[in-house]
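final.txt, holding compact mmCIF, C-alpha atoms:
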# COMPACT_ATOMS: atom_id res chain seq x y z
CA MET P 289 129.92 -39.63 103.71
CA ASN P 290 133.57 -39.04 104.41
CA ASP P 291 136.44 -41.11 105.69
CA ARG P 292 137.92 -39.56 108.83
CA SER P 293 141.24 -41.20 108.02
CA SER P 294 141.32 -39.89 104.46
CA TRP P 295 144.02 -37.57 103.18
CA VAL P 296 141.77 -34.57 103.73
CA ARG P 297 140.77 -35.61 107.25
CA ARG P 298 144.32 -36.51 108.33
CA PRO P 299 146.71 -34.35 106.25
CA ILE P 300 149.75 -34.84 108.47
CA ALA P 301 149.77 -38.61 108.10
CA ALA P 302 148.92 -38.32 104.44
CA ALA P 303 151.62 -35.74 103.82
CA ALA P 304 154.09 -38.13 105.38
CA ALA P 305 152.82 -40.89 103.14
CA LEU P 306 152.99 -38.70 100.08
CA ALA P 307 156.52 -37.63 101.00
CA LEU P 308 157.45 -41.18 100.08
CA LEU P 309 156.75 -40.22 96.49
CA ALA P 310 160.04 -38.30 96.35
CA GLY P 311 162.34 -39.10 93.47
CA CYS P 312 159.72 -39.32 90.74
CA ALA P 313 161.65 -37.30 88.15
CA GLY P 314 163.45 -39.05 85.34
CA GLY P 315 163.47 -40.09 81.71
CA GLY P 316 160.86 -42.28 80.07
CA ALA P 317 161.38 -45.28 77.82
CA THR P 318 158.94 -48.08 77.01
CA SER P 319 161.13 -50.72 78.66
CA GLU P 320 161.29 -48.63 81.83
CA ALA P 321 157.51 -48.17 81.85
CA ASP P 322 157.03 -51.92 81.43
CA ALA P 323 159.38 -52.64 84.32
CA ILE P 324 157.61 -50.12 86.54
CA GLY P 325 154.26 -51.68 85.65
CA ALA P 326 155.51 -55.12 86.60
CA ARG P 327 156.73 -53.81 89.96
CA LEU P 328 153.43 -52.06 90.59
CA GLN P 329 151.41 -55.19 89.85
CA ALA P 330 153.61 -57.41 92.00
CA GLY P 331 153.36 -54.90 94.83
CA LEU P 332 149.58 -54.70 94.54
CA ASP P 333 149.29 -58.48 94.68
CA SER P 334 151.48 -58.59 97.80
CA LEU P 335 149.60 -55.74 99.47
CA VAL P 336 146.22 -57.43 99.07
CA ALA P 337 147.65 -60.76 100.25
CA ALA P 338 149.01 -59.07 103.38
CA ASN P 339 145.66 -57.43 104.19
CA PRO P 340 142.91 -60.08 104.13
CA SER P 341 140.26 -57.59 105.28
CA VAL P 342 140.65 -55.75 101.96
CA PRO P 343 138.93 -57.56 99.08
CA GLY P 344 140.75 -55.63 96.37
CA ILE P 345 142.66 -52.54 95.23
CA GLN P 346 142.65 -50.64 91.94
CA LEU P 347 145.48 -48.29 91.01
CA ALA P 348 146.27 -45.94 88.14
CA VAL P 349 149.64 -44.19 87.85
CA LEU P 350 150.47 -41.54 85.26
CA ASP P 351 154.01 -40.19 85.05
CA SER P 352 154.62 -37.67 82.29
CA ALA P 353 158.38 -37.74 82.74
CA ARG P 354 158.54 -41.47 82.03
CA GLY P 355 155.71 -41.66 79.56
CA LEU P 356 154.00 -44.01 82.02
CA HIS P 357 150.26 -44.68 81.84
CA TRP P 358 149.60 -47.75 83.97
CA THR P 359 146.45 -49.24 85.45
CA GLY P 360 146.12 -52.40 87.48
CA ALA P 361 144.13 -54.22 90.12
CA ALA P 362 144.56 -57.02 92.62
CA GLY P 363 142.20 -59.05 94.75
CA LEU P 364 138.47 -59.61 94.44
CA GLU P 365 135.69 -57.48 92.99
CA MET P 366 133.54 -58.56 95.95
CA ARG P 367 133.94 -61.01 98.80
CA GLY P 368 133.61 -64.48 97.38
CA GLY P 369 133.45 -63.12 93.85
CA GLY P 370 135.71 -62.98 90.83
CA PRO P 371 138.86 -60.93 90.30
CA LEU P 372 138.69 -57.16 90.58
CA ARG P 373 139.40 -55.48 87.25
CA ALA P 374 141.21 -52.19 86.82
CA ASN P 375 138.46 -50.79 84.57
CA GLN P 376 135.62 -51.26 87.07
CA PRO P 377 134.26 -47.91 88.28
CA VAL P 378 133.55 -47.16 91.94
CA ARG P 379 131.70 -44.56 93.96
CA ILE P 380 134.37 -41.94 94.57
CA ALA P 381 132.52 -40.21 97.45
CA SER P 382 134.23 -36.99 98.60
CA THR P 383 136.79 -37.14 95.84
CA THR P 384 133.80 -35.61 94.00
CA LYS P 385 134.39 -32.37 95.93
CA THR P 386 137.30 -31.40 93.69
CA PHE P 387 135.01 -31.76 90.65
CA THR P 388 132.36 -29.63 92.36
CA ALA P 389 134.86 -26.92 93.26
CA ALA P 390 136.29 -26.94 89.74
CA ALA P 391 132.78 -26.53 88.28
CA ILE P 392 132.16 -23.51 90.54
CA LEU P 393 135.50 -22.02 89.47
CA ARG P 394 134.66 -22.59 85.80
CA LEU P 395 131.47 -20.58 86.32
CA ALA P 396 133.54 -17.92 88.07
CA GLU P 397 135.97 -17.61 85.17
CA GLN P 398 132.96 -17.25 82.87
CA GLY P 399 131.83 -14.28 84.96
CA LYS P 400 128.71 -16.05 86.25
CA ILE P 401 129.78 -16.38 89.89
CA ASP P 402 131.64 -13.97 92.16
CA LEU P 403 133.58 -16.07 94.66
CA ASP P 404 133.44 -13.25 97.18
CA ALA P 405 129.70 -12.74 96.87
CA SER P 406 127.40 -14.22 99.48
CA ILE P 407 125.71 -17.55 98.96
CA ALA P 408 122.40 -15.69 99.36
CA ARG P 409 122.88 -14.36 95.82
CA TYR P 410 122.93 -17.82 94.26
CA LEU P 411 121.06 -20.34 96.40
CA PRO P 412 117.41 -21.32 95.83
CA ASP P 413 114.97 -19.75 98.29
CA GLU P 414 114.00 -23.08 99.89
CA LEU P 415 117.59 -23.79 100.93
CA LEU P 416 118.20 -20.23 102.11
CA ALA P 417 115.08 -20.43 104.27
CA VAL P 418 116.41 -23.53 106.06
CA LEU P 419 119.77 -21.89 106.72
CA VAL P 420 118.21 -18.67 107.99
CA SER P 421 115.90 -20.63 110.31
CA ASP P 422 118.99 -22.26 111.85
CA GLY P 423 120.63 -18.93 112.61
CA TYR P 424 123.00 -18.57 109.65
CA GLN P 425 123.80 -15.05 108.50
CA VAL P 426 123.64 -16.08 104.86
CA ASP P 427 124.59 -12.62 103.58
CA SER P 428 127.94 -13.00 105.39
CA ILE P 429 128.89 -16.43 104.01
CA LYS P 430 130.96 -16.18 100.84
CA VAL P 431 131.09 -18.78 98.09
CA ARG P 432 134.87 -18.90 98.52
CA GLN P 433 134.45 -19.80 102.20
CA VAL P 434 132.16 -22.72 101.38
CA LEU P 435 134.73 -23.98 98.87
CA SER P 436 137.54 -23.79 101.44
CA GLN P 437 135.55 -25.40 104.29
CA THR P 438 135.68 -22.18 106.32
CA SER P 439 131.99 -21.23 106.03
CA GLY P 440 130.99 -22.35 109.53
CA ILE P 441 128.19 -24.49 108.07
CA PHE P 442 127.53 -27.60 110.15
CA ASP P 443 128.38 -30.94 108.52
CA TYR P 444 125.24 -33.06 108.32
CA ALA P 445 127.24 -36.25 107.68
CA PHE P 446 129.95 -36.17 110.35
CA GLY P 447 129.36 -33.07 112.46
CA GLU P 448 129.55 -33.58 116.20
CA GLY P 449 126.20 -34.90 117.40
CA SER P 450 124.93 -35.84 113.96
CA ASN P 451 123.51 -39.34 113.63
CA PHE P 452 123.19 -39.20 109.86
CA GLY P 453 125.30 -42.33 109.38
CA GLU P 454 123.01 -44.31 111.66
CA VAL P 455 119.89 -43.00 109.93
CA ALA P 456 121.27 -43.61 106.43
CA LEU P 457 122.43 -47.13 107.28
CA GLY P 458 119.04 -47.83 108.84
CA ASP P 459 117.33 -47.45 105.47
CA LEU P 460 119.73 -48.00 102.59
CA GLN P 461 116.95 -47.63 100.02
CA HIS P 462 115.72 -44.21 101.16
CA ARG P 463 115.87 -41.67 98.35
CA TRP P 464 117.34 -38.54 99.90
CA THR P 465 116.90 -35.07 98.44
CA ARG P 466 119.26 -32.14 98.72
CA LEU P 467 116.67 -30.26 100.77
CA GLU P 468 116.34 -33.16 103.22
CA GLN P 469 120.08 -33.17 103.85
CA VAL P 470 120.22 -29.44 104.49
CA GLN P 471 117.24 -29.80 106.83
CA PHE P 472 119.03 -32.67 108.57
CA ALA P 473 122.02 -30.39 109.13
CA ALA P 474 119.78 -27.70 110.60
CA ARG P 475 118.23 -30.16 113.05
CA ALA P 476 121.49 -31.87 114.00
CA GLY P 477 123.65 -28.85 114.73
CA ASP P 478 123.97 -25.07 114.76
CA PRO P 479 126.49 -22.87 112.94
CA VAL P 480 129.95 -23.87 114.14
CA GLY P 481 131.30 -20.32 114.12
CA PRO P 482 131.59 -17.09 112.15
CA PRO P 483 132.42 -17.59 108.47
CA GLY P 484 136.07 -17.37 107.56
CA GLN P 485 137.41 -17.94 111.07
CA GLN P 486 137.77 -21.71 111.33
CA TYR P 487 138.19 -24.88 109.31
CA HIS P 488 135.16 -27.17 109.57
CA TYR P 489 134.81 -29.87 106.94
CA SER P 490 131.22 -29.67 105.72
CA ASP P 491 129.45 -31.99 103.34
CA THR P 492 126.47 -29.67 103.76
CA GLY P 493 128.47 -26.84 102.23
CA TYR P 494 129.23 -28.88 99.14
CA VAL P 495 125.59 -29.94 98.82
CA LEU P 496 124.85 -26.21 98.70
CA LEU P 497 127.55 -25.70 96.07
CA GLY P 498 125.88 -28.36 93.94
CA ALA P 499 122.68 -26.34 94.13
CA ILE P 500 124.55 -23.18 93.17
CA ILE P 501 126.01 -24.92 90.11
CA GLU P 502 122.52 -25.88 88.96
CA GLN P 503 121.03 -22.46 89.74
CA VAL P 504 123.73 -20.49 87.94
CA SER P 505 124.38 -22.78 84.97
CA GLY P 506 120.73 -23.61 84.36
CA LEU P 507 121.77 -27.25 83.94
CA PRO P 508 121.16 -30.37 86.01
CA LEU P 509 124.25 -31.12 88.08
CA ALA P 510 125.25 -34.15 86.01
CA GLN P 511 125.16 -32.19 82.76
CA ALA P 512 126.92 -29.23 84.36
CA TYR P 513 129.84 -31.41 85.48
CA ARG P 514 130.09 -32.93 82.03
CA GLN P 515 130.06 -29.62 80.16
CA LEU P 516 131.94 -27.33 82.53
CA LEU P 517 134.70 -29.86 83.24
CA LYS P 518 135.10 -31.03 79.63
CA PHE P 519 134.59 -34.72 80.31
CA ASP P 520 134.59 -35.60 76.62
CA GLN P 521 137.68 -33.52 75.85
CA LEU P 522 139.57 -35.06 78.77
CA GLY P 523 138.54 -38.57 77.80
CA LEU P 524 136.67 -39.30 81.04
CA GLU P 525 134.68 -42.13 79.52
CA SER P 526 133.92 -43.96 82.77
CA THR P 527 132.81 -41.07 84.99
CA TRP P 528 129.21 -40.14 85.72
CA LEU P 529 126.83 -38.86 88.39
CA GLU P 530 125.16 -42.00 89.61
CA SER P 531 121.37 -42.23 89.23
CA LEU P 532 121.11 -38.66 87.92
CA GLU P 533 122.34 -39.64 84.46
CA PRO P 534 122.79 -42.95 82.66
CA ALA P 535 126.06 -44.80 82.95
CA PRO P 536 128.22 -44.31 79.83
CA ALA P 537 127.74 -46.91 77.12
CA GLY P 538 130.01 -49.90 77.45
CA VAL P 539 131.26 -49.07 80.96
CA ALA P 540 132.21 -52.02 83.15
CA GLU P 541 130.03 -53.02 86.09
CA ARG P 542 130.60 -50.94 89.21
CA ALA P 543 132.71 -52.72 91.83
CA HIS P 544 131.42 -53.56 95.31
CA GLN P 545 132.69 -51.34 98.14
CA TYR P 546 132.61 -52.17 101.83
CA ALA P 547 132.40 -50.42 105.18
CA GLY P 548 133.33 -53.23 107.53
CA ASP P 549 130.85 -56.01 106.81
CA LEU P 550 128.45 -53.73 104.95
CA ASP P 551 128.40 -54.13 101.18
CA SER P 552 127.21 -50.76 99.86
CA PHE P 553 126.61 -51.94 96.31
CA ASP P 554 122.80 -51.83 96.41
CA ALA P 555 122.46 -48.78 98.68
CA ASP P 556 120.67 -45.86 97.06
CA PRO P 557 123.42 -43.37 96.18
CA SER P 558 121.37 -40.36 97.27
CA PHE P 559 122.85 -40.37 100.78
CA ASP P 560 125.94 -38.80 99.16
CA LEU P 561 124.97 -37.49 95.75
CA PHE P 562 124.51 -33.77 95.40
CA GLY P 563 128.00 -32.24 95.21
CA GLY P 564 129.80 -33.50 98.30
CA GLY P 565 129.86 -36.92 96.63
CA GLY P 566 127.99 -38.76 93.94
CA LEU P 567 130.36 -39.33 91.06
CA VAL P 568 131.32 -42.81 89.94
CA ALA P 569 134.66 -43.23 88.17
CA THR P 570 137.52 -45.60 87.52
CA ALA P 571 140.91 -45.17 89.18
CA GLU P 572 142.23 -44.23 85.74
CA ASP P 573 139.64 -41.48 85.28
CA MET P 574 140.45 -40.10 88.74
CA ALA P 575 144.13 -39.93 87.86
CA GLU P 576 143.35 -38.43 84.45
CA PHE P 577 141.14 -35.73 85.95
CA TYR P 578 143.66 -34.63 88.59
CA HIS P 579 146.45 -34.80 86.01
CA ALA P 580 144.44 -32.55 83.68
CA LEU P 581 143.34 -30.21 86.45
CA LEU P 582 146.82 -29.59 87.84
CA GLY P 583 148.19 -29.54 84.29
CA GLY P 584 146.03 -26.55 83.37
CA LYS P 585 143.66 -28.37 81.00
CA VAL P 586 140.37 -27.89 82.87
CA PHE P 587 140.29 -24.11 83.20
CA ASP P 588 140.50 -21.66 80.33
CA ASP P 589 142.40 -19.05 82.36
CA PRO P 590 145.59 -20.17 84.20
CA LYS P 591 144.73 -17.72 86.98
CA THR P 592 141.69 -19.82 87.85
CA LEU P 593 143.90 -22.73 88.86
CA GLU P 594 146.04 -20.34 90.89
CA THR P 595 142.88 -19.23 92.69
CA MET P 596 141.88 -22.81 93.39
CA LEU P 597 145.21 -23.60 95.02
CA VAL P 598 145.26 -20.72 97.50
CA VAL P 599 145.02 -22.08 101.05
CA PRO P 600 143.26 -19.57 103.36
CA ALA P 601 145.39 -18.32 106.25
CA VAL P 602 143.12 -20.00 108.80
CA ASN P 603 143.74 -23.34 107.08
CA GLU P 604 147.48 -22.73 106.86
CA THR P 605 147.70 -22.42 110.63
CA GLY P 606 145.02 -24.99 111.43
CA PRO P 607 144.81 -28.76 111.00
CA ARG P 608 144.15 -28.79 107.26
CA ALA P 609 146.02 -27.36 104.26
CA TYR P 610 142.71 -27.23 102.38
CA ALA P 611 142.38 -24.82 99.47
CA LEU P 612 139.25 -24.66 97.26
CA GLY P 613 138.02 -28.25 97.09
CA ILE P 614 141.50 -29.71 97.11
CA ALA P 615 144.17 -30.32 99.77
CA ARG P 616 147.91 -29.67 99.62
CA ALA P 617 150.80 -31.88 100.67
CA PRO P 618 154.44 -30.85 100.09
CA VAL P 619 156.54 -33.64 98.61
CA ALA P 620 160.34 -33.31 98.50
CA GLY P 621 160.35 -29.74 97.27
CA GLU P 622 157.26 -30.28 95.13
CA THR P 623 153.66 -29.51 95.97
CA CYS P 624 151.03 -32.17 95.33
CA TRP P 625 147.27 -31.75 95.51
CA GLY P 626 144.39 -34.15 95.91
CA HIS P 627 141.30 -35.35 97.74
CA GLY P 628 140.16 -38.58 99.35
CA GLY P 629 136.75 -40.15 99.77
CA PHE P 630 134.83 -42.30 102.24
CA TRP P 631 134.94 -45.49 100.17
CA GLY P 632 138.74 -45.66 100.07
CA THR P 633 139.24 -43.54 96.96
CA MET P 634 141.80 -40.85 96.20
CA GLY P 635 143.00 -38.71 93.35
CA VAL P 636 146.27 -36.76 93.55
CA ALA P 637 148.60 -34.97 91.17
CA CYS P 638 152.09 -33.51 91.50
CA PRO P 639 152.31 -30.88 88.74
CA ALA P 640 156.07 -30.30 88.74
CA SER P 641 156.90 -33.94 87.99
CA GLY P 642 153.74 -34.77 86.04
CA LEU P 643 152.88 -37.61 88.41
CA ALA P 644 149.20 -38.41 89.01
CA ILE P 645 147.62 -41.24 90.96
CA GLY P 646 144.09 -42.56 91.30
CA PHE P 647 143.15 -45.47 93.49
CA SER P 648 140.32 -47.31 95.18
CA ILE P 649 140.61 -49.63 98.17
CA ASN P 650 137.27 -51.40 98.34
CA GLN P 651 137.19 -51.52 102.14
CA ASN P 652 136.64 -48.36 104.13
CA GLU P 653 137.36 -49.45 107.69
CA GLY P 654 140.84 -49.66 109.16
CA THR P 655 142.72 -49.25 105.91
CA GLY P 656 144.71 -46.07 106.57
CA GLU P 657 147.92 -48.07 106.68
CA VAL P 658 146.96 -49.75 103.41
CA ARG P 659 146.70 -46.33 101.78
CA ASN P 660 150.12 -45.37 103.08
CA ALA P 661 151.58 -48.68 101.93
CA LEU P 662 149.99 -48.18 98.51
CA LEU P 663 151.62 -44.79 98.11
CA LYS P 664 154.92 -46.22 99.31
CA LEU P 665 154.57 -48.92 96.67
CA VAL P 666 154.25 -46.27 93.97
CA GLU P 667 157.37 -44.50 95.25
CA SER P 668 159.33 -47.73 95.34
CA ALA P 669 158.23 -48.81 91.87
CA LEU P 670 159.22 -45.46 90.37
CA ALA P 671 162.53 -45.21 92.21
CA THR P 672 163.85 -48.72 91.51
CA PRO P 673 166.40 -48.60 88.66
Before anything else, please render the file you have as structure tokens.
Amino acid sequence: MNDRSSWVRRPIAAAAALALLAGCAGGGATSEADAIGARLQAGLDSLVAANPSVPGIQLAVLDSARGLHWTGAAGLEMRGGGPLRANQPVRIASTTKTFTAAAILRLAEQGKIDLDASIARYLPDELLAVLVSDGYQVDSIKVRQVLSQTSGIFDYAFGEGSNFGEVALGDLQHRWTRLEQVQFAARAGDPVGPPGQQYHYSDTGYVLLGAIIEQVSGLPLAQAYRQLLKFDQLGLESTWLESLEPAPAGVAERAHQYAGDLDSFDADPSFDLFGGGGLVATAEDMAEFYHALLGGKVFDDPKTLETMLVVPAVNETGPRAYALGIARAPVAGETCWGHGGFWGTMGVACPASGLAIGFSINQNEGTGEVRNALLKLVESALATP
């Protein structure tokens, strides 16, 4: 599932919010980092107090220029429960898409995937058959177009006329398969247009990319993420693909996350598991991953990152500055990149300044202004002398 008010869904508002992060260059001393941390924590406490519909917020801020590595939380882990802790992982939903795209690009730099080849070369026959039956010209859809949300593949989760949310909420314990979700897309809607000619955010496309990763790597998706994206090397000790691999040893209990009055904690994760979502991570791990990705530590070839950050012309002139699994927002002469998710999560990094942020707001509904206020808090904490 995806939040229509997320950074990816609403880039103009988010770009404005991220523009508040201007002025993040500077020196770094321990006393300065401590002072920034105190301001961040005080601001988090005030933000939660001012928004009673939000049980809690987790935030991680990395700033290479200042030597800052701060994590914090405010509020409750669940309604009526104990305090939310900064080290509690959450379902990161569509923030997973950047991980999926990066895994595809790792396979491309290894010579195992041609981004400009058709998806027909790499997809399993059962998925291709569903697409063909729905009228898709699979030989004309390029892997690169699926990554950039320009494939024309209908979005099973939020496409116009889809009732997937209603169906999924009607049976929270149903164990979905990848094939079921692609079939759901075929029933719910037709191709939205010729590939490469329009932006159409598609969870279905990223479910297909998850299948391509497995097909090409020969690994289950969880293991492919872990190996291709160097989880151990990057120190991502609290990130895993929920229900498709065990939680890491010693990880804290996953925090509760809400959509209005719905507590999603016990819902089977398979409604959003196969590449468009599915990862669980802490705010710190989200910040660490985006910091490493934009810092050139995920790919072996620097040109691969350059490829990832190319926004197709149709997205430059359309409503989304979406590249390959990551969205762009200019910030005071600097370019930042990130992705948001349905459950109030976001990871973002600004490579020129070394700033990276990961956060989770454990309420999905009506919290767009909370996200903007949270980003403004980071700007204020970094800018205050």
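Minimum atom-to-atom distances from P:Gly423, P:Gly628, P:Gly548, P:Gly606 to Glu653 of chain P were compared using only C-alpha atoms, and the lowest value belongs to P:Gly548.
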Choose the residue, out of P:Pro377, P:Gly440, P:Pro412, P:Gly363, that has the smallest atom-to-atom separation from Leu467 of chain P; count all atoms listed in the file.
->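 For Leu467 of chain P, the nearest of the given residues is P:Pro412.
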Need to verify the contact set: Asp427 of chain P, 7 Å, all atoms listed in the file, exclusion of same-chain residues closer than 4 positions in sequence. Can you return it as a list in words? Ser406, Ile407 and Ala408 of chain P
The residue from P:Asn660, P:Ser558, P:Gln425, P:Thr492 with the smallest atom-to-atom distance to Phe647 of chain P, counting all atoms listed in the file, is P:Asn660
A straight line from atom CA of Gln515 of chain P to atom CA of Leu567 of chain P spans 14.6 Å
**Q.** Residue contacts of segment 445-454 of chain P (12 Å, only C-alpha atoms) excluding same-chain residues fewer than 6 positions away, as a ChimeraX atom specification
**A.** /P:289-292,297,382,460,464,468-480,488-495,547,559-560,564-565,630
Computed gap from atom CA of Tyr487 of chain P to atom CA of Glu414 of chain P is 26.0 Å
Atom completion result for segment 450-468 of chain P (N, CA and C atoms) as a short mmCIF file (atom, residue, chain, number, x, y, z; two decimals), in the frame of the given file:
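Once everything was written out, this is result-v3.cif:
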data_model
loop_
_atom_site.label_atom_id
_atom_site.label_comp_id
_atom_site.auth_asym_id
_atom_site.auth_seq_id
_atom_site.Cartn_x
_atom_site.Cartn_y
_atom_site.Cartn_z
N SER P 450 125.78 -35.38 115.07
CA SER P 450 124.93 -35.84 113.96
C SER P 450 124.87 -37.36 113.95
N ASN P 451 123.68 -37.89 113.74
CA ASN P 451 123.51 -39.34 113.63
C ASN P 451 123.12 -39.73 112.21
N PHE P 452 123.58 -38.93 111.24
CA PHE P 452 123.19 -39.20 109.86
C PHE P 452 123.62 -40.59 109.41
N GLY P 453 124.84 -41.00 109.79
CA GLY P 453 125.30 -42.33 109.38
C GLY P 453 124.36 -43.41 109.86
N GLU P 454 123.93 -43.31 111.11
CA GLU P 454 123.01 -44.31 111.66
C GLU P 454 121.68 -44.30 110.92
N VAL P 455 121.17 -43.11 110.64
CA VAL P 455 119.89 -43.00 109.93
C VAL P 455 120.01 -43.54 108.51
N ALA P 456 121.09 -43.16 107.81
CA ALA P 456 121.27 -43.61 106.43
C ALA P 456 121.44 -45.12 106.36
N LEU P 457 122.22 -45.68 107.28
CA LEU P 457 122.43 -47.13 107.28
C LEU P 457 121.17 -47.88 107.69
N GLY P 458 120.28 -47.19 108.41
CA GLY P 458 119.04 -47.83 108.84
C GLY P 458 118.05 -48.04 107.72
N ASP P 459 118.22 -47.30 106.64
CA ASP P 459 117.33 -47.45 105.47
C ASP P 459 118.14 -47.16 104.22
N LEU P 460 118.82 -48.17 103.72
CA LEU P 460 119.73 -48.00 102.59
C LEU P 460 119.02 -47.70 101.28
N GLN P 461 117.69 -47.89 101.25
CA GLN P 461 116.95 -47.63 100.02
C GLN P 461 116.22 -46.29 100.04
N HIS P 462 116.37 -45.52 101.12
CA HIS P 462 115.72 -44.21 101.16
C HIS P 462 116.31 -43.31 100.07
N ARG P 463 115.43 -42.60 99.39
CA ARG P 463 115.87 -41.67 98.35
C ARG P 463 115.93 -40.27 98.94
N TRP P 464 117.15 -39.85 99.32
CA TRP P 464 117.34 -38.54 99.90
C TRP P 464 117.23 -37.44 98.85
N THR P 465 116.84 -36.26 99.29
CA THR P 465 116.90 -35.07 98.44
C THR P 465 117.93 -34.11 99.03
N ARG P 466 118.33 -33.17 98.23
CA ARG P 466 119.26 -32.14 98.72
C ARG P 466 118.63 -31.36 99.88
N LEU P 467 117.36 -31.00 99.73
CA LEU P 467 116.67 -30.26 100.77
C LEU P 467 116.64 -31.04 102.08
N GLU P 468 116.36 -32.34 102.02
CA GLU P 468 116.34 -33.16 103.22
C GLU P 468 117.68 -33.12 103.96
#
